[in-house]
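Novice: Sharing work_21.txt below, compact mmCIF, C-alpha atoms and all ligand atoms:
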```txt
# COMPACT_ATOMS: atom_id res chain seq x y z
CA MET A 410 150.81 27.65 -79.19
CA SER A 411 150.16 24.33 -77.49
CA GLN A 412 150.61 23.46 -73.83
CA ARG A 413 153.95 21.71 -73.43
CA SER A 414 154.29 18.48 -71.49
CA ASP A 415 158.02 18.07 -72.21
CA ALA A 416 159.28 20.84 -69.91
CA PRO A 417 162.60 20.03 -68.23
CA ALA A 418 162.38 18.30 -64.85
CA SER A 419 163.88 21.41 -63.22
CA SER A 420 160.98 23.61 -64.41
CA PRO A 421 158.95 25.03 -61.54
CA ARG A 422 155.65 23.31 -60.85
CA PHE A 423 152.48 25.35 -61.07
CA GLY A 424 151.95 27.36 -57.91
CA GLU A 425 155.57 26.99 -56.74
CA VAL A 426 157.25 30.20 -55.54
CA VAL A 427 159.87 31.01 -58.17
CA ALA A 428 160.93 34.44 -56.93
CA ALA A 429 160.46 36.45 -53.78
CA GLY A 430 161.56 39.60 -52.05
CA HIS A 431 161.54 39.67 -48.24
CA HIS A 432 161.53 43.10 -46.57
CA VAL A 433 163.58 44.54 -49.41
CA THR A 434 164.99 47.94 -48.49
CA LYS A 435 167.20 49.98 -50.80
CA VAL A 436 168.82 53.24 -49.81
CA TYR A 437 170.88 55.09 -52.39
CA GLY A 438 173.56 57.45 -51.11
CA GLU A 439 174.31 58.41 -47.52
CA GLY A 440 173.61 61.08 -44.96
CA GLU A 441 171.55 64.07 -46.01
CA THR A 442 171.48 63.03 -49.66
CA ALA A 443 170.27 59.45 -48.95
CA VAL A 444 167.22 58.36 -50.96
CA THR A 445 165.11 55.46 -49.68
CA ALA A 446 163.93 53.84 -52.91
CA LEU A 447 162.41 50.81 -51.17
CA ALA A 448 161.30 50.60 -47.55
CA GLY A 449 160.72 46.93 -46.72
CA VAL A 450 158.85 45.46 -49.71
CA SER A 451 157.85 41.78 -49.57
CA ALA A 452 156.20 39.87 -52.40
CA GLN A 453 156.15 36.36 -53.81
CA PHE A 454 155.80 35.32 -57.45
CA VAL A 455 154.45 31.85 -58.15
CA SER A 456 154.92 29.72 -61.21
CA GLY A 457 152.71 30.62 -64.15
CA GLU A 458 151.67 33.98 -62.71
CA PHE A 459 151.85 37.23 -64.73
CA THR A 460 152.28 40.11 -62.27
CA ALA A 461 152.33 43.81 -63.10
CA ILE A 462 154.20 46.13 -60.75
CA MET A 463 152.51 49.51 -60.87
CA GLY A 464 153.06 52.83 -59.18
CA PRO A 465 153.86 56.46 -59.84
CA SER A 466 157.23 57.59 -61.14
CA GLY A 467 159.87 57.23 -58.45
CA SER A 468 157.81 54.76 -56.37
CA GLY A 469 160.53 52.10 -56.56
CA LYS A 470 159.19 49.76 -59.27
CA SER A 471 162.44 49.40 -61.21
CA THR A 472 164.55 49.21 -58.07
CA PHE A 473 162.38 46.36 -56.75
CA MET A 474 162.58 44.50 -60.04
CA HIS A 475 166.34 45.01 -60.23
CA CYS A 476 166.76 43.65 -56.69
CA LEU A 477 164.58 40.60 -57.50
CA ALA A 478 166.61 39.92 -60.66
CA GLY A 479 170.03 40.33 -59.04
CA LEU A 480 170.81 43.48 -61.05
CA ASP A 481 170.92 45.56 -57.85
CA THR A 482 171.62 44.63 -54.22
CA PRO A 483 169.19 45.40 -51.38
CA THR A 484 170.59 47.49 -48.52
CA SER A 485 168.71 45.09 -46.23
CA GLY A 486 166.24 42.27 -46.71
CA SER A 487 166.67 39.52 -49.26
CA ALA A 488 165.78 38.53 -52.81
CA TRP A 489 165.27 34.92 -53.84
CA ILE A 490 165.10 33.00 -57.08
CA GLY A 491 163.67 29.60 -56.13
CA ASP A 492 165.51 28.56 -52.97
CA THR A 493 168.61 30.61 -53.75
CA GLU A 494 169.15 33.85 -51.86
CA LEU A 495 170.87 36.16 -54.33
CA GLY A 496 172.93 37.86 -51.61
CA SER A 497 174.66 34.53 -50.91
CA LEU A 498 176.14 34.39 -54.43
CA ASP A 499 179.42 35.88 -55.63
CA GLU A 500 179.36 37.85 -58.90
CA ALA A 501 180.27 34.84 -61.06
CA ARG A 502 177.51 32.66 -59.57
CA LEU A 503 175.01 35.50 -59.81
CA THR A 504 175.83 35.99 -63.50
CA LYS A 505 175.41 32.25 -64.08
CA LEU A 506 172.05 32.22 -62.29
CA ARG A 507 170.83 35.23 -64.30
CA ARG A 508 171.85 33.59 -67.57
CA GLU A 509 170.34 30.22 -66.75
CA ARG A 510 167.18 31.09 -64.84
CA ILE A 511 166.11 34.61 -65.71
CA GLY A 512 164.88 36.18 -68.96
CA PHE A 513 164.85 39.95 -69.45
CA VAL A 514 162.81 42.24 -71.68
CA PHE A 515 163.78 45.94 -71.54
CA GLN A 516 162.00 49.05 -72.76
CA SER A 517 164.83 49.79 -75.19
CA PHE A 518 164.96 46.20 -76.59
CA ASN A 519 168.76 45.92 -75.91
CA LEU A 520 169.47 43.83 -78.99
CA LEU A 521 173.04 43.65 -80.28
CA PRO A 522 173.10 45.64 -83.54
CA THR A 523 175.68 43.49 -85.34
CA LEU A 524 173.83 40.21 -84.75
CA THR A 525 170.86 38.87 -86.69
CA ALA A 526 167.50 38.35 -84.99
CA LEU A 527 168.22 34.62 -84.61
CA GLU A 528 171.70 35.26 -83.21
CA ASN A 529 170.20 37.72 -80.71
CA ILE A 530 167.55 35.18 -79.68
CA THR A 531 170.10 32.45 -78.97
CA LEU A 532 172.83 34.70 -77.47
CA PRO A 533 171.91 34.19 -73.76
CA CYS A 534 171.78 30.41 -74.33
CA ASP A 535 175.17 30.56 -76.09
CA LEU A 536 176.65 32.55 -73.20
CA ALA A 537 175.20 30.09 -70.67
CA GLY A 538 176.43 27.08 -72.66
CA ILE A 539 172.84 25.88 -73.15
CA THR A 540 171.66 24.37 -76.42
CA PRO A 541 168.13 25.66 -76.96
CA ASP A 542 165.54 23.04 -77.87
CA PRO A 543 165.06 23.52 -81.66
CA ALA A 544 161.34 22.66 -81.52
CA TRP A 545 160.82 25.17 -78.74
CA LEU A 546 162.73 27.87 -80.64
CA GLN A 547 160.67 27.22 -83.75
CA GLU A 548 157.46 27.43 -81.74
CA LEU A 549 158.52 30.73 -80.17
CA VAL A 550 159.57 32.20 -83.51
CA SER A 551 156.37 31.21 -85.25
CA THR A 552 154.13 32.36 -82.37
CA LEU A 553 155.88 35.73 -82.39
CA GLY A 554 155.58 36.03 -86.19
CA LEU A 555 159.34 36.23 -86.69
CA ALA A 556 159.94 33.31 -89.04
CA ASP A 557 160.75 35.48 -92.06
CA ARG A 558 162.82 38.00 -90.08
CA LEU A 559 165.43 35.76 -88.47
CA GLY A 560 168.27 36.81 -90.79
CA HIS A 561 167.60 40.54 -90.31
CA ARG A 562 169.66 42.78 -88.06
CA PRO A 563 167.84 44.98 -85.50
CA ASP A 564 168.11 48.12 -87.70
CA GLN A 565 166.19 46.22 -90.40
CA LEU A 566 163.28 45.51 -88.00
CA SER A 567 160.43 47.66 -86.69
CA GLY A 568 160.29 48.48 -82.97
CA GLY A 569 157.54 45.91 -82.47
CA GLN A 570 159.54 43.24 -84.29
CA GLN A 571 162.63 44.08 -82.22
CA GLN A 572 160.68 43.72 -78.99
CA ARG A 573 159.24 40.40 -80.19
CA VAL A 574 162.83 39.25 -80.85
CA ALA A 575 163.64 40.34 -77.28
CA CYS A 576 160.67 38.27 -76.03
CA ALA A 577 161.92 35.20 -77.90
CA ARG A 578 165.41 35.81 -76.47
CA ALA A 579 163.94 36.04 -72.95
CA LEU A 580 162.05 32.74 -73.25
CA ALA A 581 164.54 30.75 -75.36
CA SER A 582 166.17 28.99 -72.41
CA ARG A 583 162.81 28.43 -70.70
CA PRO A 584 163.85 30.50 -67.68
CA ALA A 585 162.23 30.20 -64.27
CA ILE A 586 161.08 33.82 -64.54
CA VAL A 587 160.94 36.66 -67.07
CA PHE A 588 161.33 40.27 -65.89
CA ALA A 589 159.99 42.90 -68.27
CA ASP A 590 160.74 46.58 -67.54
CA GLU A 591 158.23 48.85 -69.36
CA PRO A 592 158.30 46.46 -72.36
CA THR A 593 155.79 48.55 -74.32
CA GLY A 594 157.21 51.97 -73.41
CA ASN A 595 158.74 52.49 -76.87
CA LEU A 596 155.96 50.88 -78.91
CA ASP A 597 152.74 52.13 -80.48
CA SER A 598 149.54 50.65 -79.07
CA ARG A 599 149.20 47.92 -81.74
CA ALA A 600 152.79 46.67 -81.40
CA GLY A 601 152.48 46.97 -77.64
CA ALA A 602 149.31 44.85 -77.63
CA GLN A 603 151.11 42.09 -79.55
CA VAL A 604 153.92 41.99 -76.99
CA LEU A 605 151.51 42.07 -74.04
CA SER A 606 149.30 39.34 -75.54
CA PHE A 607 152.39 37.20 -75.98
CA LEU A 608 153.51 37.72 -72.36
CA GLN A 609 149.97 36.94 -71.15
CA MET A 610 149.78 33.79 -73.25
CA SER A 611 153.25 32.67 -72.16
CA ALA A 612 152.02 32.74 -68.56
CA GLU A 613 148.53 31.33 -69.12
CA ILE A 614 149.41 28.60 -71.62
CA LEU A 615 153.09 27.85 -71.03
CA GLY A 616 153.17 28.46 -67.30
CA GLN A 617 155.93 31.05 -67.74
CA THR A 618 156.24 33.28 -64.67
CA VAL A 619 156.36 36.93 -65.76
CA VAL A 620 156.89 40.10 -63.73
CA MET A 621 156.35 43.37 -65.60
CA VAL A 622 157.01 46.92 -64.45
CA THR A 623 154.69 49.42 -66.08
CA HIS A 624 152.97 52.74 -65.50
CA ASP A 625 150.30 51.92 -68.08
CA PRO A 626 146.91 50.70 -66.73
CA VAL A 627 146.10 49.16 -70.13
CA ALA A 628 149.33 47.12 -70.00
CA ALA A 629 148.67 46.09 -66.38
CA ALA A 630 145.25 44.74 -67.40
CA TYR A 631 146.97 41.93 -69.34
CA ALA A 632 148.41 40.64 -66.06
CA GLY A 633 146.67 38.30 -63.64
CA ARG A 634 147.69 40.39 -60.64
CA ALA A 635 148.87 43.94 -60.04
CA LEU A 636 151.04 45.10 -57.15
CA PHE A 637 151.03 48.82 -56.37
CA LEU A 638 154.07 50.59 -54.96
CA ALA A 639 154.03 54.13 -53.56
CA ASP A 640 156.99 55.85 -51.91
CA GLY A 641 158.96 52.61 -51.78
CA ARG A 642 156.22 50.60 -50.08
CA LEU A 643 153.81 47.92 -51.29
CA VAL A 644 150.47 49.61 -50.74
CA HIS A 645 147.93 47.48 -52.59
CA GLU A 646 147.42 44.28 -54.55
CA MET A 647 144.71 43.66 -57.15
CA ALA A 648 143.69 40.32 -58.69
CA LYS A 649 142.56 40.23 -62.33
CA PRO A 650 143.14 43.97 -62.81
CA SER A 651 141.08 45.89 -65.35
CA ALA A 652 142.47 49.05 -66.97
CA ALA A 653 139.64 51.09 -65.42
CA GLY A 654 140.21 49.57 -61.97
CA VAL A 655 143.95 50.21 -62.12
CA LEU A 656 143.40 53.78 -63.30
CA GLU A 657 140.96 54.40 -60.46
CA GLN A 658 143.48 53.00 -57.99
CA MET A 659 146.29 55.19 -59.35
CA LYS A 660 144.06 58.27 -59.14
CA ALA A 661 143.19 57.39 -55.54
CA PHE A 662 146.89 57.19 -54.65
CA ASP A 663 147.55 60.51 -56.41
CA ALA A 664 144.79 62.03 -54.31
CA GLY A 665 146.33 60.51 -51.16
CA GLN A 666 143.30 58.28 -50.52
CA GLN A 667 143.10 54.71 -49.28
CA ALA A 668 143.15 51.74 -51.62
CA VAL A 669 139.97 51.27 -53.66
CA ARG A 670 138.33 47.88 -53.01
N1 LIG B 1 171.19 54.87 -58.74
C1 LIG B 1 170.43 55.68 -58.01
N2 LIG B 1 170.97 56.62 -57.22
C2 LIG B 1 170.21 57.44 -56.47
N3 LIG B 1 168.85 57.38 -56.44
C3 LIG B 1 168.25 56.46 -57.22
C4 LIG B 1 169.00 55.57 -58.04
N4 LIG B 1 168.11 54.77 -58.70
C5 LIG B 1 166.89 55.15 -58.30
N5 LIG B 1 166.97 56.17 -57.42
C6 LIG B 1 165.85 56.83 -56.74
O1 LIG B 1 165.06 55.83 -56.13
C7 LIG B 1 163.67 56.12 -56.25
C8 LIG B 1 162.96 54.97 -56.94
O2 LIG B 1 163.42 54.90 -58.29
P1 LIG B 1 162.86 53.81 -59.32
O3 LIG B 1 163.61 54.03 -60.60
O4 LIG B 1 162.91 52.48 -58.70
O5 LIG B 1 161.34 54.26 -59.46
P2 LIG B 1 160.27 53.84 -60.56
O6 LIG B 1 159.00 53.64 -59.83
O7 LIG B 1 160.78 52.69 -61.36
O8 LIG B 1 160.22 55.16 -61.42
P3 LIG B 1 159.90 55.38 -62.99
O9 LIG B 1 158.47 54.93 -63.18
O10 LIG B 1 160.02 56.88 -63.15
O11 LIG B 1 160.88 54.61 -63.78
C9 LIG B 1 163.58 57.44 -56.99
O12 LIG B 1 163.47 58.49 -56.04
C10 LIG B 1 164.91 57.52 -57.71
O13 LIG B 1 165.28 58.85 -57.92
```
I need this file expressed as C-alpha cells, please.
Specialist:
Amino acid sequence: MSQRSDAPASSPRFGEVVAAGHHVTKVYGEGETAVTALAGVSAQFVSGEFTAIMGPSGSGKSTFMHCLAGLDTPTSGSAWIGDTELGSLDEARLTKLRRERIGFVFQSFNLLPTLTALENITLPCDLAGITPDPAWLQELVSTLGLADRLGHRPDQLSGGQQQRVACARALASRPAIVFADEPTGNLDSRAGAQVLSFLQMSAEILGQTVVMVTHDPVAAAYAGRALFLADGRLVHEMAKPSAAGVLEQMKAFDAGQQAVR
C-alpha cells in the first residue's frame, strides 16, 4: 500500500492530538454496589500512532475505550475527539461524529448478516451520507485480500476474512481514529497476525490513528506504544513494546510490583 498524498484537508496532521481523555472517571451503580471502573485516567492519542491499551481483566480497558469513543459517558472528566468534547454533544450530534470521524473494529466482527462484504464495508459511509473514494476502497480491499470475496455474505466468510471486512469498514471513510476492542480475540494466530499487521501498517504507512484494547502481549507488540491500566488507573506506559517486555510488565503487576523499566 502506498503512502497517500491526497488525504482530505480535514485529515489530522502527523503528531496532532486526535483523541484524548482527561481525568476520566467512571462509576457504575450507586451506594454500596458502586463499582469504580475508571479512577481519573488521562491519555492523549496523536495522529498516526498505534496504541495498545493493556491490563488485567476488569482493569477498565473497555470502559476507557468506550468513553473515548462516545459509546459510554464518564461520570466525571472529559473525552475529546479533536477539539470536540463529547460531553458537549447531544445524542444526534454524537452519533454523527461517531459515523464521520470514528471507525470501530469489535472482537465479534459485528457485520450485518444479510449484507454482502462490500455492502458491510460501505454501510457506515452510507449512513453518514459520505461517498467513499473508489480508489481508496479498492486499495483497502486489495491490501486486505478481499477482492474476490466482496459479493459474499458474512456466513460465507472465515473469521479472519470477516474481521478483515470489519477493518475495511472501519477505514473506509478515512476516520480520524479507529478503536479496536480485542480485534483478534476470536481469531487463530495466523488470521490474528494478518489483522494486526494491517492495523500496524495503517498507522505506520497511512498515518491512521489506532487504539486497540487487548490482553494479548503478542498483539500489543504490533503497537508503537502500550498503556497499562490496573484497577481503573493508568499505571505505566511503554514505547515500542515487545511481547516479552509486555508479558514481564503484566507479571509484575500481577505480583503487585512496581513498573518494570
Ligand atoms: N455496565 C456495567 N455495570 C457495572 N459494572 C461494570 C459495567 N461495565 C463494566 N463494569 C465493571 O467495571 C470494571 C471495568 O470493566 P471493563 O470491562 O472496562 O474492564 P476490562 O479491563 O475491559 O476487562 P476485560 O479484559 O475482562 O474485558 C469491572 O469491574 C467491571 O465489572
Novice: Within 6 Å of ligand LIG 1 (chain B) (counting all atoms listed in the file), which residues show up? I'd like them as an mmCIF file with C-alpha atoms, keeping the file's coordinate frame.
Specialist:
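Wrote result12.cif, looks like this:
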```cif
data_model
loop_
_atom_site.group_PDB
_atom_site.id
_atom_site.type_symbol
_atom_site.label_atom_id
_atom_site.label_comp_id
_atom_site.auth_asym_id
_atom_site.auth_seq_id
_atom_site.Cartn_x
_atom_site.Cartn_y
_atom_site.Cartn_z
ATOM 1 C CA TYR A 437 170.880 55.090 -52.390
ATOM 2 C CA VAL A 444 167.220 58.360 -50.960
ATOM 3 C CA ALA A 446 163.930 53.840 -52.910
ATOM 4 C CA PRO A 465 153.860 56.460 -59.840
ATOM 5 C CA SER A 466 157.230 57.590 -61.140
ATOM 6 C CA GLY A 467 159.870 57.230 -58.450
ATOM 7 C CA SER A 468 157.810 54.760 -56.370
ATOM 8 C CA GLY A 469 160.530 52.100 -56.560
ATOM 9 C CA LYS A 470 159.190 49.760 -59.270
ATOM 10 C CA SER A 471 162.440 49.400 -61.210
ATOM 11 C CA THR A 472 164.550 49.210 -58.070
#
```
Novice: Please report the interatomic distance between CA of Ala448 in chain A and CA of Pro483 in chain A in Å with one decimal.
Specialist: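 Between these atoms lies a distance of 10.2 Å.
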Novice: If you measure from CA of Ser485 in chain A to CA of Val433 in chain A, what distance in Å do you get, rounded to one decimal?
Specialist: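 According to the coordinates, CA of Ser485 in chain A and CA of Val433 in chain A are separated by 6.1 Å.
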Novice: Counting only C-alpha atoms, give me one row per residue of range 434-455 of chain A with an atom at most 9 Å from an atom of range 473-479 of chain A, showing the shortest contact pair and its distance in Å to one decimal, sorted by chain then residue number, as a Markdown table.
Specialist:
```
| residue | atom | partner | partner_atom | distance |
| --- | --- | --- | --- | --- |
| A:Thr434 | CA | A:Phe473 | CA | 8.8 |
| A:Lys435 | CA | A:Phe473 | CA | 8.5 |
| A:Ala446 | CA | A:Phe473 | CA | 8.5 |
| A:Leu447 | CA | A:Phe473 | CA | 7.1 |
| A:Val450 | CA | A:Phe473 | CA | 7.9 |
```
Novice: Take the point (163.0, 40.0, -81.1) as written in the file and pick out every residue within 8 Å of it, counting all atoms listed in the file; give the list as a list in words.
Specialist: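 The distance filter leaves exactly Phe518, Leu520, Ala526, Asn529, Ile530, Leu555, Gln570, Gln571, Gln572, Arg573, Val574, Ala575, Cys576, Ala577 and Arg578 of chain A.
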Novice: Only C-alpha atoms, please: the residues just picked out, written as an mmCIF file, keeping the file's coordinate frame.
Specialist:
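Dumped to out_15.cif:
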```cif
data_model
loop_
_atom_site.group_PDB
_atom_site.id
_atom_site.type_symbol
_atom_site.label_atom_id
_atom_site.label_comp_id
_atom_site.auth_asym_id
_atom_site.auth_seq_id
_atom_site.Cartn_x
_atom_site.Cartn_y
_atom_site.Cartn_z
ATOM 1 C CA PHE A 518 164.960 46.200 -76.590
ATOM 2 C CA LEU A 520 169.470 43.830 -78.990
ATOM 3 C CA ALA A 526 167.500 38.350 -84.990
ATOM 4 C CA ASN A 529 170.200 37.720 -80.710
ATOM 5 C CA ILE A 530 167.550 35.180 -79.680
ATOM 6 C CA LEU A 555 159.340 36.230 -86.690
ATOM 7 C CA GLN A 570 159.540 43.240 -84.290
ATOM 8 C CA GLN A 571 162.630 44.080 -82.220
ATOM 9 C CA GLN A 572 160.680 43.720 -78.990
ATOM 10 C CA ARG A 573 159.240 40.400 -80.190
ATOM 11 C CA VAL A 574 162.830 39.250 -80.850
ATOM 12 C CA ALA A 575 163.640 40.340 -77.280
ATOM 13 C CA CYS A 576 160.670 38.270 -76.030
ATOM 14 C CA ALA A 577 161.920 35.200 -77.900
ATOM 15 C CA ARG A 578 165.410 35.810 -76.470
#
```
Novice: Taking (141.3, 46.2, -68.5) in the file's coordinates as the center, which residues reach within 9 Å of it, counting all atoms listed in the file, put as a PDB file with C-alpha atoms, in the frame of the given file?
Specialist:
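The new file point16.pdb reads:
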```
ATOM      1  CA  PRO A 626     146.910  50.700 -66.730  1.00  0.00           C
ATOM      2  CA  VAL A 627     146.100  49.160 -70.130  1.00  0.00           C
ATOM      3  CA  ALA A 628     149.330  47.120 -70.000  1.00  0.00           C
ATOM      4  CA  ALA A 629     148.670  46.090 -66.380  1.00  0.00           C
ATOM      5  CA  ALA A 630     145.250  44.740 -67.400  1.00  0.00           C
ATOM      6  CA  TYR A 631     146.970  41.930 -69.340  1.00  0.00           C
ATOM      7  CA  LYS A 649     142.560  40.230 -62.330  1.00  0.00           C
ATOM      8  CA  PRO A 650     143.140  43.970 -62.810  1.00  0.00           C
ATOM      9  CA  SER A 651     141.080  45.890 -65.350  1.00  0.00           C
ATOM     10  CA  ALA A 652     142.470  49.050 -66.970  1.00  0.00           C
ATOM     11  CA  ALA A 653     139.640  51.090 -65.420  1.00  0.00           C
ATOM     12  CA  GLY A 654     140.210  49.570 -61.970  1.00  0.00           C
ATOM     13  CA  VAL A 655     143.950  50.210 -62.120  1.00  0.00           C
TER      14      VAL A 655
END
```
Novice: Find the residues near Ser487 in chain A: any atom within 7 Å, counting only C-alpha atoms, skip ones fewer than 3 places away on the same chain, and give them as a ChimeraX atom specification.
Specialist: /A:430-433,483,494,496
Novice: Need the shell around Leu536 in chain A: protein/DNA/RNA residues with any atom at most 12 Å away, counting all atoms listed in the file. Skip same-chain ones fewer than 4 positions apart. Format as a tab-separated table (two decimals) with C-alpha atoms, keeping the file's coordinate frame?
Specialist:
```tsv
chain	number	residue	atom	x	y	z
A	504	THR	CA	175.83	35.99	-63.50
A	505	LYS	CA	175.41	32.25	-64.08
A	506	LEU	CA	172.05	32.22	-62.29
A	507	ARG	CA	170.83	35.23	-64.30
A	508	ARG	CA	171.85	33.59	-67.57
A	509	GLU	CA	170.34	30.22	-66.75
A	528	GLU	CA	171.70	35.26	-83.21
A	529	ASN	CA	170.20	37.72	-80.71
A	530	ILE	CA	167.55	35.18	-79.68
A	531	THR	CA	170.10	32.45	-78.97
A	532	LEU	CA	172.83	34.70	-77.47
A	540	THR	CA	171.66	24.37	-76.42
A	541	PRO	CA	168.13	25.66	-76.96
A	582	SER	CA	166.17	28.99	-72.41
```
Novice: CA of Thr484 in chain A to CA of Gly641 in chain A: how many Å, to one decimal?
Specialist: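 Those two atoms sit 13.1 Å apart.
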Novice: Taking only residues of range 495-547 of chain A that have an atom at most 10 Å from an atom of range 586-595 of chain A, what is each one's shortest atom pair and its distance in Å to one decimal, using all atoms listed in the file, in chain and number order, as a tab-separated table?
Specialist:
```
residue	atom	partner	partner_atom	distance
A:Arg507	CA	A:Ile586	CA	9.9
A:Arg510	CA	A:Ile586	CA	6.7
A:Ile511	CA	A:Ile586	CA	5.2
A:Gly512	CA	A:Val587	CA	4.4
A:Phe513	CA	A:Phe588	CA	5.0
A:Val514	CA	A:Ala589	CA	4.5
A:Phe515	CA	A:Asp590	CA	5.1
A:Gln516	CA	A:Pro592	CA	4.5
A:Ser517	CA	A:Asn595	CA	6.9
A:Phe518	CA	A:Pro592	CA	7.9
```
Novice: What are the centre and the three edge lengths of an axis-aligned box that wraps all atoms of range 588-592 of chain A in the file, given that 5 Å is added to every side, written as JSON and rounded to one decimal in Å?
Specialist:
```
{"center_x": 159.8, "center_y": 44.6, "center_z": -69.1, "size_x": 13.1, "size_y": 18.6, "size_z": 16.5}
```
Novice: From the options A:Gly554, A:Gly568, A:Gly491, A:Gly486, which residue's atoms come nearest to Ala585 in chain A, counting all atoms listed in the file?
Specialist: A:Gly491
Novice: Return the single residue from A:Pro522, A:Gln565, A:Ala452, A:Ala461 that is closest to Leu643 in chain A, with distances computed using all atoms listed in the file.
Specialist: A:Ala452
